[in-house]
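Novice: start03.txt is reproduced in full below (compact mmCIF, C-alpha atoms).
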```txt
# COMPACT_ATOMS: atom_id res chain seq x y z
CA MET A 811 9.43 -9.39 -17.15
CA SER A 812 12.45 -11.62 -17.07
CA ASP A 813 11.91 -13.33 -20.43
CA GLU A 814 12.32 -10.11 -22.41
CA THR A 815 15.33 -10.05 -24.68
CA PRO A 816 17.37 -6.95 -24.02
CA THR A 817 19.52 -7.30 -27.15
CA ALA A 818 17.08 -6.91 -30.02
CA SER A 819 13.49 -5.77 -29.76
CA PRO A 820 11.07 -8.15 -31.49
CA LYS A 821 9.38 -7.09 -34.73
CA THR A 822 5.90 -8.33 -33.99
CA VAL A 823 3.80 -8.81 -30.92
CA ASP A 824 1.01 -11.26 -30.24
CA LEU A 825 -1.47 -9.43 -28.05
CA ALA A 826 -3.63 -12.47 -27.36
CA ALA A 827 -0.64 -14.51 -26.21
CA GLU A 828 0.60 -11.56 -24.17
CA TYR A 829 -2.86 -11.25 -22.61
CA GLU A 830 -2.82 -14.87 -21.48
CA SER A 831 0.82 -15.14 -20.45
CA SER A 832 0.92 -11.92 -18.42
CA GLY A 833 -1.88 -13.22 -16.20
CA VAL A 834 -4.09 -10.22 -16.95
CA ALA A 835 -6.81 -12.56 -18.18
CA GLU A 836 -6.78 -14.25 -14.79
CA VAL A 837 -7.16 -10.99 -12.88
CA LEU A 838 -10.02 -9.86 -15.10
CA ARG A 839 -11.74 -13.21 -14.69
CA GLU A 840 -11.35 -12.93 -10.95
CA LEU A 841 -12.78 -9.42 -11.15
CA ASP A 842 -15.79 -10.68 -13.07
CA GLU A 843 -16.46 -13.60 -10.78
CA ASP A 844 -15.73 -12.09 -7.37
CA LEU A 845 -17.45 -8.78 -7.83
CA ILE A 846 -21.19 -8.60 -8.19
CA GLY A 847 -22.63 -5.71 -10.23
CA LEU A 848 -20.30 -2.75 -10.83
CA ALA A 849 -20.64 -3.14 -14.60
CA PRO A 850 -19.27 0.34 -15.49
CA VAL A 851 -16.27 -0.20 -13.20
CA LYS A 852 -15.47 -3.53 -14.79
CA GLN A 853 -15.78 -1.95 -18.21
CA ARG A 854 -13.37 0.84 -17.28
CA ILE A 855 -10.87 -1.62 -15.82
CA ARG A 856 -11.02 -3.78 -18.94
CA GLU A 857 -10.36 -0.68 -21.03
CA THR A 858 -7.48 0.35 -18.77
CA ALA A 859 -6.02 -3.14 -18.95
CA ALA A 860 -6.23 -3.10 -22.75
CA LEU A 861 -4.54 0.28 -22.87
CA LEU A 862 -1.75 -0.85 -20.58
CA LEU A 863 -1.26 -4.08 -22.49
CA VAL A 864 -0.96 -2.22 -25.79
CA ASP A 865 1.32 0.31 -24.18
CA LYS A 866 3.55 -2.46 -22.88
CA ALA A 867 3.66 -4.00 -26.36
CA ARG A 868 4.61 -0.61 -27.80
CA ARG A 869 7.40 -0.26 -25.29
CA ASP A 870 8.63 -3.77 -26.11
CA LEU A 871 8.80 -2.76 -29.78
CA GLY A 872 10.58 0.45 -28.91
CA LEU A 873 7.73 2.75 -29.97
CA ALA A 874 7.27 4.41 -26.62
CA GLN A 875 9.71 5.14 -23.79
CA GLU A 876 7.74 7.00 -21.17
CA THR A 877 5.88 5.32 -18.36
CA PRO A 878 2.25 6.35 -18.75
CA THR A 879 0.60 8.16 -15.86
CA LEU A 880 -1.22 5.52 -13.90
CA HIS A 881 -2.47 7.43 -10.89
CA MET A 882 -6.20 6.98 -10.48
CA SER A 883 -9.13 8.29 -8.55
CA PHE A 884 -11.99 6.07 -7.43
CA THR A 885 -15.16 7.90 -6.53
CA GLY A 886 -18.27 6.41 -5.03
CA ASN A 887 -20.27 5.96 -1.86
CA PRO A 888 -18.92 3.90 1.04
CA GLY A 889 -19.04 0.13 0.69
CA THR A 890 -19.08 0.08 -3.11
CA GLY A 891 -15.91 -1.96 -3.40
CA LYS A 892 -13.28 0.73 -3.93
CA THR A 893 -10.64 -0.93 -1.75
CA THR A 894 -11.33 -4.37 -3.19
CA VAL A 895 -10.98 -3.07 -6.73
CA ALA A 896 -7.83 -1.16 -5.75
CA ARG A 897 -6.29 -4.41 -4.50
CA MET A 898 -7.14 -6.11 -7.81
CA MET A 899 -5.77 -3.12 -9.68
CA ALA A 900 -2.48 -3.55 -7.80
CA GLY A 901 -2.38 -7.17 -8.94
CA LEU A 902 -3.18 -6.16 -12.50
CA LEU A 903 -0.45 -3.50 -12.63
CA HIS A 904 2.01 -5.95 -11.14
CA ARG A 905 1.24 -8.61 -13.77
CA LEU A 906 1.70 -6.02 -16.51
CA GLY A 907 5.02 -4.99 -15.01
CA TYR A 908 4.04 -1.42 -14.16
CA VAL A 909 4.73 -1.85 -10.45
CA ARG A 910 7.49 -4.09 -9.16
CA LYS A 911 5.91 -5.68 -6.08
CA GLY A 912 2.16 -5.23 -6.44
CA HIS A 913 1.24 -4.75 -2.79
CA LEU A 914 -1.40 -2.31 -1.63
CA VAL A 915 -0.82 0.18 1.19
CA ALA A 916 -4.15 1.62 2.31
CA VAL A 917 -3.93 4.86 4.28
CA THR A 918 -6.14 7.71 5.43
CA ARG A 919 -5.36 11.27 6.52
CA ASP A 920 -4.19 10.10 9.95
CA ASP A 921 -1.38 8.05 8.45
CA LEU A 922 -0.04 10.93 6.38
CA VAL A 923 -0.57 14.07 8.43
CA GLY A 924 1.21 14.73 11.69
CA GLN A 925 0.04 16.49 14.82
CA TYR A 926 2.65 19.20 15.15
CA ILE A 927 5.06 21.21 13.02
CA GLY A 928 7.71 19.06 11.38
CA HIS A 929 5.84 15.84 12.04
CA THR A 930 4.05 15.55 8.72
CA ALA A 931 6.93 15.27 6.27
CA PRO A 932 8.64 12.29 7.96
CA LYS A 933 5.28 10.59 8.46
CA THR A 934 4.27 10.98 4.82
CA ARG A 935 7.69 9.90 3.66
CA GLU A 936 7.52 6.82 5.88
CA VAL A 937 4.25 5.78 4.22
CA LEU A 938 5.62 6.48 0.75
CA LYS A 939 8.71 4.37 1.47
CA LYS A 940 6.46 1.51 2.49
CA ALA A 941 4.35 1.88 -0.65
CA MET A 942 7.29 1.98 -3.09
CA GLY A 943 7.02 -0.71 -5.71
CA GLY A 944 3.29 -1.02 -5.09
CA VAL A 945 0.06 0.93 -4.92
CA LEU A 946 -0.70 3.63 -2.39
CA PHE A 947 -4.44 3.80 -1.71
CA ILE A 948 -5.55 7.02 -0.03
CA ASP A 949 -9.05 6.60 1.31
CA GLU A 950 -11.14 9.75 1.73
CA ALA A 951 -8.35 11.78 0.20
CA TYR A 952 -10.28 15.07 0.46
CA TYR A 953 -9.64 15.18 4.20
CA LEU A 954 -6.03 16.02 3.34
CA TYR A 955 -7.16 19.46 2.32
CA LYS A 956 -8.98 21.67 4.79
CA PRO A 957 -9.72 24.99 3.11
CA ASP A 958 -10.98 26.64 6.31
CA ASN A 959 -7.65 26.20 8.09
CA GLU A 960 -4.69 27.59 6.23
CA ARG A 961 -2.23 26.34 8.81
CA ASP A 962 -3.43 22.77 8.44
CA TYR A 963 -0.57 20.31 7.99
CA GLY A 964 -2.45 18.48 5.25
CA GLN A 965 -1.07 20.91 2.70
CA GLU A 966 2.44 19.69 3.47
CA ALA A 967 1.43 16.08 2.85
CA ILE A 968 -0.21 17.12 -0.43
CA GLU A 969 2.98 18.81 -1.62
CA ILE A 970 5.12 15.75 -0.87
CA LEU A 971 2.56 13.49 -2.54
CA LEU A 972 2.48 15.62 -5.68
CA GLN A 973 6.25 15.62 -5.87
CA VAL A 974 6.48 11.84 -5.52
CA MET A 975 3.61 11.26 -7.96
CA GLU A 976 5.58 13.21 -10.54
CA ASN A 977 9.14 12.03 -9.86
CA ASN A 978 8.59 8.40 -8.92
CA ARG A 979 6.08 7.40 -11.57
CA ASP A 980 8.04 4.19 -12.19
CA ASP A 981 8.02 3.22 -8.54
CA LEU A 982 4.56 3.94 -7.25
CA VAL A 983 0.94 4.27 -8.31
CA VAL A 984 -1.36 6.42 -6.21
CA ILE A 985 -5.09 5.72 -6.05
CA MET A 986 -7.29 8.28 -4.31
CA ALA A 987 -10.77 7.37 -3.21
CA GLY A 988 -13.77 9.09 -1.73
CA TYR A 989 -17.26 10.46 -2.27
CA ALA A 990 -17.72 11.87 -5.76
CA ASP A 991 -18.83 15.42 -4.90
CA ARG A 992 -16.17 15.97 -2.24
CA MET A 993 -13.45 14.54 -4.46
CA ASP A 994 -14.50 16.99 -7.17
CA ARG A 995 -14.14 19.87 -4.75
CA PHE A 996 -10.78 18.49 -3.60
CA PHE A 997 -9.49 18.28 -7.15
CA SER A 998 -10.67 21.76 -8.08
CA ALA A 999 -8.87 23.15 -5.03
CA ASN A 1000 -5.71 21.18 -5.91
CA PRO A 1001 -5.35 21.36 -9.69
CA GLY A 1002 -1.99 19.60 -9.37
CA PHE A 1003 -3.78 16.37 -8.59
CA ARG A 1004 -6.25 16.63 -11.43
CA SER A 1005 -3.50 16.93 -14.02
CA ARG A 1006 -1.53 14.05 -12.52
CA ILE A 1007 -4.45 11.63 -12.34
CA ALA A 1008 -5.24 10.03 -15.65
CA HIS A 1009 -7.98 7.59 -14.76
CA HIS A 1010 -11.17 8.56 -12.98
CA ILE A 1011 -13.42 5.62 -12.19
CA ASP A 1012 -16.87 6.12 -10.72
CA PHE A 1013 -18.41 3.40 -8.54
CA PRO A 1014 -22.22 3.27 -8.70
CA ASP A 1015 -24.36 2.22 -5.75
CA TYR A 1016 -25.51 -1.40 -5.70
CA THR A 1017 -29.12 -2.19 -6.52
CA ASP A 1018 -31.22 -4.12 -4.00
CA GLY A 1019 -30.94 -7.28 -6.08
CA GLU A 1020 -27.16 -7.02 -6.21
CA LEU A 1021 -26.98 -6.47 -2.47
CA LEU A 1022 -29.02 -9.63 -1.89
CA GLN A 1023 -26.66 -11.49 -4.19
CA ILE A 1024 -23.74 -10.10 -2.21
CA ALA A 1025 -25.36 -11.20 1.04
CA ASN A 1026 -25.79 -14.70 -0.35
CA SER A 1027 -22.21 -14.94 -1.54
CA MET A 1028 -20.86 -13.59 1.77
CA LEU A 1029 -22.81 -16.25 3.64
CA ARG A 1030 -21.64 -18.95 1.25
CA GLY A 1031 -18.07 -17.90 1.97
CA GLN A 1032 -18.65 -18.59 5.65
CA ASN A 1033 -20.64 -21.79 5.06
CA TYR A 1034 -23.97 -20.31 6.05
CA ALA A 1035 -27.19 -20.05 4.06
CA PHE A 1036 -30.56 -18.30 4.26
CA ASP A 1037 -33.72 -20.33 4.35
CA GLU A 1038 -36.50 -19.07 2.11
CA ALA A 1039 -38.26 -16.89 4.66
CA ALA A 1040 -34.97 -15.39 5.76
CA GLU A 1041 -34.13 -14.45 2.20
CA ARG A 1042 -37.44 -12.62 1.93
CA ALA A 1043 -36.69 -10.89 5.24
CA MET A 1044 -33.27 -9.88 3.91
CA THR A 1045 -34.89 -8.35 0.82
CA ASP A 1046 -37.14 -6.25 3.09
CA TYR A 1047 -34.16 -5.43 5.27
CA ILE A 1048 -32.12 -4.10 2.35
CA ALA A 1049 -34.97 -1.90 1.13
CA LEU A 1050 -35.48 -0.47 4.64
CA ARG A 1051 -31.79 -0.10 5.46
CA ARG A 1052 -31.16 1.94 2.34
CA GLU A 1053 -33.57 4.63 3.59
CA GLN A 1054 -31.82 4.95 6.93
CA PRO A 1055 -28.74 7.05 7.70
CA HIS A 1056 -25.16 5.74 7.44
CA PHE A 1057 -26.03 3.23 4.75
CA ALA A 1058 -22.77 1.85 3.38
CA ASN A 1059 -23.78 -0.59 0.66
CA ALA A 1060 -21.94 -3.91 0.95
CA ARG A 1061 -20.39 -2.95 4.28
CA SER A 1062 -23.84 -2.52 5.84
CA ILE A 1063 -24.76 -5.94 4.51
CA ARG A 1064 -21.67 -7.49 6.05
CA ASN A 1065 -22.45 -5.92 9.41
CA ALA A 1066 -26.07 -7.03 9.20
CA LEU A 1067 -24.96 -10.59 8.52
CA ASP A 1068 -22.52 -10.51 11.42
CA ARG A 1069 -25.34 -9.51 13.73
CA ALA A 1070 -27.68 -12.11 12.21
CA ARG A 1071 -25.08 -14.78 12.95
CA LEU A 1072 -24.90 -13.51 16.50
CA ARG A 1073 -28.68 -13.78 16.88
CA GLN A 1074 -28.68 -17.20 15.27
CA ALA A 1075 -26.07 -18.42 17.76
CA ASN A 1076 -28.12 -16.97 20.60
CA ARG A 1077 -31.31 -18.55 19.33
CA LEU A 1078 -29.69 -21.96 18.96
CA PHE A 1079 -28.22 -21.68 22.40
CA SER A 1080 -31.45 -20.79 24.15
CA GLU A 1081 -33.87 -22.96 22.15
CA SER A 1082 -31.97 -26.09 21.39
CA ALA A 1083 -32.61 -29.23 23.34
CA GLY A 1084 -30.52 -32.10 22.15
CA PRO A 1085 -27.93 -32.44 19.40
CA LEU A 1086 -27.84 -30.00 16.45
CA GLY A 1087 -27.17 -30.99 12.86
CA VAL A 1088 -25.08 -29.25 10.20
CA GLU A 1089 -28.31 -27.88 8.76
CA ALA A 1090 -29.34 -26.12 11.95
CA LEU A 1091 -25.88 -24.70 12.58
CA SER A 1092 -25.54 -23.20 9.13
CA THR A 1093 -29.01 -21.84 8.45
CA ILE A 1094 -29.96 -18.24 9.11
CA CYS A 1095 -33.73 -18.16 9.76
CA GLU A 1096 -36.27 -15.41 9.44
CA PRO A 1097 -36.30 -14.26 13.12
CA ASP A 1098 -32.51 -13.75 12.99
CA ILE A 1099 -33.06 -11.04 10.43
CA ARG A 1100 -36.46 -9.70 11.54
CA GLU A 1101 -35.18 -8.95 15.06
CA SER A 1102 -32.92 -6.26 13.64
CA ARG A 1103 -33.50 -2.71 14.83
CA VAL A 1104 -33.77 -1.66 11.20
CA PHE A 1105 -37.32 -3.04 11.24
CA GLN A 1106 -38.15 -0.89 14.27
CA GLY A 1107 -37.05 2.32 12.59
CA GLY A 1108 -33.28 2.28 12.89
CA LEU A 1109 -30.71 2.82 15.61
CA ASP A 1110 -31.84 4.50 18.81
CA VAL A 1111 -29.38 7.35 18.34
CA ASP A 1112 -30.60 8.12 14.85
CA ARG A 1113 -34.23 7.87 15.85
CA ARG A 1114 -33.69 10.23 18.77
CA SER A 1115 -32.04 12.86 16.57
CA ALA A 1116 -34.86 12.49 14.04
CA ASP A 1117 -37.40 13.00 16.84
CA LEU A 1118 -35.54 16.08 18.02
CA ALA A 1119 -35.52 17.46 14.51
CA ALA A 1120 -39.27 16.85 14.28
CA GLU A 1121 -39.84 18.82 17.49
CA MET B 1281 44.06 4.96 1.52
CA ARG B 1282 41.05 2.86 0.69
CA ILE B 1283 39.20 1.91 3.85
CA THR B 1284 38.18 -1.72 3.83
CA GLN B 1285 35.44 -2.85 6.17
CA GLY B 1286 32.20 -4.73 5.74
CA CYS B 1287 31.21 -6.67 2.65
CA PHE B 1288 32.48 -5.88 -0.87
CA SER B 1289 35.11 -3.42 0.32
CA PHE B 1290 37.88 -5.02 -1.76
CA LEU B 1291 35.72 -4.70 -4.87
CA PRO B 1292 35.36 -1.53 -6.92
CA ASP B 1293 32.69 0.84 -5.59
CA LEU B 1294 29.16 -0.42 -6.16
CA SER B 1295 26.98 1.47 -8.61
CA ASP B 1296 23.50 2.56 -7.56
CA ALA B 1297 21.99 -0.31 -9.53
CA GLN B 1298 24.23 -2.76 -7.67
CA ILE B 1299 23.35 -1.19 -4.31
CA THR B 1300 19.66 -1.50 -5.21
CA ALA B 1301 20.19 -5.17 -6.02
CA GLN B 1302 21.89 -5.71 -2.66
CA VAL B 1303 19.03 -4.00 -0.82
CA GLU B 1304 16.60 -6.14 -2.80
CA TYR B 1305 18.50 -9.21 -1.51
CA ILE B 1306 18.30 -7.90 2.07
CA LEU B 1307 14.55 -7.37 1.79
CA GLY B 1308 14.16 -10.78 0.19
CA ARG B 1309 15.53 -12.32 3.37
CA ASP B 1310 13.15 -10.27 5.55
CA TRP B 1311 15.91 -8.27 7.13
CA ALA B 1312 15.56 -4.66 8.18
CA VAL B 1313 17.58 -2.10 6.25
CA SER B 1314 19.27 0.88 7.84
CA VAL B 1315 21.57 3.65 6.66
CA GLU B 1316 24.44 5.00 8.79
CA TYR B 1317 27.14 7.57 8.14
CA SER B 1318 30.40 8.60 9.76
CA TYR B 1319 33.34 10.92 9.24
CA ASP B 1320 35.54 8.67 11.36
CA PRO B 1321 36.19 5.38 9.58
CA HIS B 1322 38.59 4.07 12.26
CA PRO B 1323 37.95 0.31 12.55
CA ARG B 1324 37.42 0.66 16.30
CA ASN B 1325 34.66 3.22 15.77
CA SER B 1326 31.69 0.93 15.63
CA TYR B 1327 29.16 3.64 16.50
CA TRP B 1328 28.25 5.43 13.31
CA GLU B 1329 25.51 8.05 13.15
CA MET B 1330 22.10 6.64 12.25
CA TRP B 1331 20.33 8.19 9.29
CA GLY B 1332 16.74 7.79 10.40
CA ASN B 1333 15.37 4.65 11.95
CA PRO B 1334 15.95 1.13 10.65
CA MET B 1335 13.31 0.29 8.06
CA PHE B 1336 11.45 -2.84 9.06
CA ASP B 1337 8.44 -2.76 6.79
CA LEU B 1338 9.71 -2.06 3.29
CA ARG B 1339 8.64 -4.10 0.31
CA ASP B 1340 10.79 -2.55 -2.36
CA ALA B 1341 14.42 -1.37 -2.41
CA LYS B 1342 13.38 2.05 -3.69
CA GLY B 1343 12.25 3.06 -0.20
CA ALA B 1344 15.71 2.43 1.28
CA MET B 1345 17.41 3.98 -1.74
CA MET B 1346 15.44 7.19 -1.18
CA GLU B 1347 16.86 7.41 2.34
CA PHE B 1348 20.34 6.58 1.10
CA GLU B 1349 20.16 9.30 -1.54
CA GLU B 1350 18.93 11.83 1.03
CA CYS B 1351 21.85 10.88 3.27
CA ARG B 1352 24.33 11.15 0.42
CA LYS B 1353 22.96 14.58 -0.49
CA ALA B 1354 23.37 15.79 3.09
CA HIS B 1355 26.78 14.17 3.67
CA PRO B 1356 28.52 13.70 0.34
CA GLU B 1357 31.94 13.58 2.00
CA ALA B 1358 31.07 11.01 4.64
CA TYR B 1359 31.34 7.25 4.70
CA ILE B 1360 27.84 5.85 4.37
CA ARG B 1361 27.08 2.22 5.03
CA ILE B 1362 23.98 0.15 4.53
CA LEU B 1363 23.19 -2.44 7.18
CA ALA B 1364 20.90 -5.42 7.24
CA PHE B 1365 19.50 -6.42 10.60
CA ASP B 1366 17.92 -9.80 11.23
CA ASN B 1367 15.39 -9.64 14.06
CA THR B 1368 14.63 -13.36 14.24
CA ARG B 1369 14.85 -14.71 17.75
CA GLY B 1370 18.28 -16.18 18.31
CA TRP B 1371 19.99 -14.00 15.70
CA GLU B 1372 19.00 -10.44 16.49
CA THR B 1373 22.12 -9.08 14.90
CA VAL B 1374 23.55 -7.31 11.89
CA MET B 1375 23.75 -9.83 9.05
CA MET B 1376 25.37 -7.68 6.42
CA SER B 1377 27.01 -4.29 6.18
CA PHE B 1378 28.68 -2.55 3.29
CA ILE B 1379 30.09 0.87 2.49
CA ALA B 1380 27.95 2.57 -0.15
CA ASN B 1381 29.58 5.99 -0.26
CA ARG B 1382 33.14 7.23 0.31
CA PRO B 1383 34.59 10.73 0.49
CA SER B 1384 36.42 11.93 -2.61
CA THR B 1385 39.77 11.73 -0.84
CA GLU B 1386 40.01 9.06 1.78
CA PRO B 1387 42.04 9.58 4.95
CA LYS B 1388 45.12 7.53 5.81
CA ILE B 1389 45.36 5.19 8.73
CA HIS B 1390 48.56 6.22 10.42
CA LEU B 1391 50.66 3.94 12.65
CA GLN B 1392 52.12 5.60 15.74
CA ARG B 1393 54.92 3.92 17.72
CA THR B 1394 55.71 4.96 21.31
CA ASP B 1395 58.40 3.87 23.73
CA PHE B 1396 57.10 2.40 26.94
CA GLN B 1397 58.51 1.15 30.27
CA GLY B 1398 61.48 -1.14 30.00
CA ARG B 1399 62.17 -0.45 26.34
CA ALA B 1400 58.78 -1.93 25.41
CA GLN B 1401 57.08 -0.48 22.35
CA LYS B 1402 53.37 0.30 21.90
CA TYR B 1403 51.59 0.78 18.61
CA ALA B 1404 48.47 2.77 17.88
CA TRP B 1405 46.55 3.65 14.72
CA ASP B 1406 44.77 6.87 14.02
CA VAL B 1407 42.93 8.27 11.04
CA ARG B 1408 44.59 11.28 9.43
CA THR B 1409 43.88 13.27 6.30
```
Take the structure in this file and express it as structure tokens.

Specialist:
Amino acid sequence: MSDETPTASPKTVDLAAEYESSGVAEVLRELDEDLIGLAPVKQRIRETAALLLVDKARRDLGLAQETPTLHMSFTGNPGTGKTTVARMMAGLLHRLGYVRKGHLVAVTRDDLVGQYIGHTAPKTREVLKKAMGGVLFIDEAYYLYKPDNERDYGQEAIEILLQVMENNRDDLVVIMAGYADRMDRFFSANPGFRSRIAHHIDFPDYTDGELLQIANSMLRGQNYAFDEAAERAMTDYIALRREQPHFANARSIRNALDRARLRQANRLFSESAGPLGVEALSTICEPDIRESRVFQGGLDVDRRSADLAAE
Amino acid sequence: MRITQGCFSFLPDLSDAQITAQVEYILGRDWAVSVEYSYDPHPRNSYWEMWGNPMFDLRDAKGAMMEFEECRKAHPEAYIRILAFDNTRGWETVMMSFIANRPSTEPKIHLQRTDFQGRAQKYAWDVRT
């Protein structure tokens, strides 16, 4: 923060004023408004924000010197908003002055691990250089560690990461994300990570009602809307889709809506005779949803493998 | 003899904090940063060794400073310079260059005079320790 006085540290601190002026309030408000559900996550983030705010005040008063460990792990099923929250977290840390630039670099194993000997270290370092001053988000971090292959290059990337997480705590915050059970196994195999990660946040699955709300807000963002029958169809869709393989929460909903828009466009194109109004162009109707393969028992591939298993 | 080339070379050596601030300026103008080193500081030697590739996608000076520190660790007795490259169409050139590390004892630039045809004289400079 540029308005800090380097000469004499102040004697008192006004947390409420600090809360408003640092812009943390704004980020938390955004978090509350933009994200549907995820109550435990929001709670944890509010707690983390409070902790960081107090810690910053303590540092301003000269009570603490050390940068706290800020590396985090986000666990949860796909499509539960881990990347979105990570991006907000980057903004939050930036406002509080814990990272200098506040950008998010999202990577997976492919971006860190090379294909041949000597390829991994430069690749990992390249990514780390890019992430300096911001947040490094490692999606599906457990793929870095393959216990069945001891010559896997992932180990090299892990070592570099651990070193940077320890030595460059002022420059970079690492957030690791993935499925809960596999992350647990990853951490128990790499105790170095567990001790360097202070905040574990678990992302619960969305309920059907929340997913419908998400669908509605996604459509609103694109200036579309369901009519009443379509909303009922969407409710059925969500319940059915959840039972089928590869369900990815909000991401599945987004894909479903993309396909519904495609069907709507097709329907308008083939049925319409004469000019179309705003209403017609922006309404998703029941058949657009009902035509989905989800109502016929899922994707052909999945159904075939299920049939094979039954035989 | 103190070698003077590039920006700031008549000023006292920059501290790491000052180098960081310069790199921050470079990144603020969307230029690419690169690190080069050489044991031959002759002014006509424009081809220094590259330390890694130019860094086009950094957001923070720390990334470039890591490379610079690595280079300094590997070549503490070399001249190391930091360059800023502007890739906008029409410029596509080095916008800034400064020496960030010097050897503990700098070489001299020695003037050599030779007689030539018809009592003419030719001058040449070389770098000597």

Novice: Distance cut-off 10 Å, counting all atoms listed in the file - which residues of chain A neighbour chain B? Return them as a PyMOL selection string.

Specialist: chain A and resi 910-913+932+935-944+978+981-982

Novice: To one decimal in Å, tell me the separation between CA of Trp1328 (chain B) and CA of Asn1367 (chain B).

Specialist: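 According to the coordinates, CA of Trp1328 (chain B) and CA of Asn1367 (chain B) are separated by 19.8 Å.
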
Novice: Could you tell me how far CA of Leu1029 (chain A) sits from CA of Pro850 (chain A), in Å to one decimal place?

Specialist: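 For CA of Pro850 (chain A) relative to CA of Leu1029 (chain A), the distance reads 25.6 Å.
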
Novice: Show which residues sit within 12 Å of Glu1020 (chain A), as an mmCIF file with C-alpha atoms, keeping the file's coordinate frame. Count only C-alpha atoms, and ignore same-chain residues fewer than 5 positions away.

Specialist:
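Wrote it out as selection00.cif, contents follow:
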```
data_model
loop_
_atom_site.group_PDB
_atom_site.id
_atom_site.type_symbol
_atom_site.label_atom_id
_atom_site.label_comp_id
_atom_site.auth_asym_id
_atom_site.auth_seq_id
_atom_site.Cartn_x
_atom_site.Cartn_y
_atom_site.Cartn_z
ATOM 1 C CA LEU A 845 -17.450 -8.780 -7.830
ATOM 2 C CA ILE A 846 -21.190 -8.600 -8.190
ATOM 3 C CA GLY A 847 -22.630 -5.710 -10.230
ATOM 4 C CA LEU A 848 -20.300 -2.750 -10.830
ATOM 5 C CA ALA A 849 -20.640 -3.140 -14.600
ATOM 6 C CA THR A 890 -19.080 0.080 -3.110
ATOM 7 C CA PRO A 1014 -22.220 3.270 -8.700
ATOM 8 C CA ASP A 1015 -24.360 2.220 -5.750
ATOM 9 C CA ALA A 1025 -25.360 -11.200 1.040
ATOM 10 C CA ASN A 1026 -25.790 -14.700 -0.350
ATOM 11 C CA SER A 1027 -22.210 -14.940 -1.540
ATOM 12 C CA THR A 1045 -34.890 -8.350 0.820
ATOM 13 C CA ILE A 1048 -32.120 -4.100 2.350
ATOM 14 C CA ALA A 1049 -34.970 -1.900 1.130
ATOM 15 C CA ASN A 1059 -23.780 -0.590 0.660
ATOM 16 C CA ALA A 1060 -21.940 -3.910 0.950
ATOM 17 C CA ILE A 1063 -24.760 -5.940 4.510
#
```

Novice: Give me the residues near Pro1292 (chain B) as an mmCIF file with C-alpha atoms, in the frame of the given file, where near means some atom within 12 Å (using all atoms listed in the file) and where sequence neighbours in that chain fewer than 4 positions away do not count.

Specialist:
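The new file around-v7.cif reads:
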```
data_model
loop_
_atom_site.group_PDB
_atom_site.id
_atom_site.type_symbol
_atom_site.label_atom_id
_atom_site.label_comp_id
_atom_site.auth_asym_id
_atom_site.auth_seq_id
_atom_site.Cartn_x
_atom_site.Cartn_y
_atom_site.Cartn_z
ATOM 1 C CA ARG B 1282 41.050 2.860 0.690
ATOM 2 C CA ILE B 1283 39.200 1.910 3.850
ATOM 3 C CA THR B 1284 38.180 -1.720 3.830
ATOM 4 C CA CYS B 1287 31.210 -6.670 2.650
ATOM 5 C CA PHE B 1288 32.480 -5.880 -0.870
ATOM 6 C CA GLN B 1298 24.230 -2.760 -7.670
ATOM 7 C CA ILE B 1379 30.090 0.870 2.490
ATOM 8 C CA ALA B 1380 27.950 2.570 -0.150
ATOM 9 C CA ASN B 1381 29.580 5.990 -0.260
ATOM 10 C CA ARG B 1382 33.140 7.230 0.310
#
```

Novice: Counting all atoms listed in the file, which of A:Phe947, A:Lys866, A:Arg1052, A:Thr858 gets nearest to Arg897 (chain A)?

Specialist: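 Between A:Phe947, A:Lys866, A:Arg1052, A:Thr858, the residue approaching Arg897 (chain A) most closely is A:Phe947.
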
Novice: Using all atoms listed in the file for the distances, tell me which of B:Tyr1317, B:Met1281, B:Ala1297, B:Gly1370 is nearest to His1390 (chain B).

Specialist: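 The closest residue to His1390 (chain B) is B:Met1281.
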
Novice: Take CA of Gly1019 (chain A) and CA of Leu1067 (chain A) and report the distance between them in Å, one decimal.

Specialist: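 Here the two named atoms are 16.1 Å from each other.
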
Novice: Which is closer to Pro1334 (chain B) than all the others in B:Ser1314, B:Gln1392, B:Thr1373, B:Gln1302, using all atoms listed in the file?

Specialist: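 The closest residue to Pro1334 (chain B) is B:Ser1314.
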
Novice: Rank B:Gln1401, B:Thr1300, B:Ser1326, B:Thr1409 by their smallest atom-to-atom distance to Val1313 (chain B), using all atoms listed in the file, and report the top residue only.

Specialist: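 Looking at the shortest contact to Val1313 (chain B), the residue is B:Thr1300.
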
Novice: Need to verify the contact set: Asp994 (chain A), 12 Å, only C-alpha atoms, exclusion of same-chain residues closer than 2 positions in sequence. Can you return it as a count of residues only?

Specialist: 24

Novice: Write out as an MDAnalysis selection string each polymer residue whose atoms come within 9 Å of Leu871 (chain A), counting all atoms listed in the file; drop sequence neighbours fewer than 2 positions from it.

Specialist: chainID A and resid 819:823 866:869 873:874

Novice: At a cut-off of 7 Å, using all atoms listed in the file, what residues contact region 1093-1110 of chain A? Leave out same-chain residues fewer than 2 positions from it and give the result as number ranges by chain.

Specialist: A: 1034-1037, 1039-1040, 1043-1044, 1050-1051, 1054, 1070, 1073-1074, 1089-1091, 1112-1114
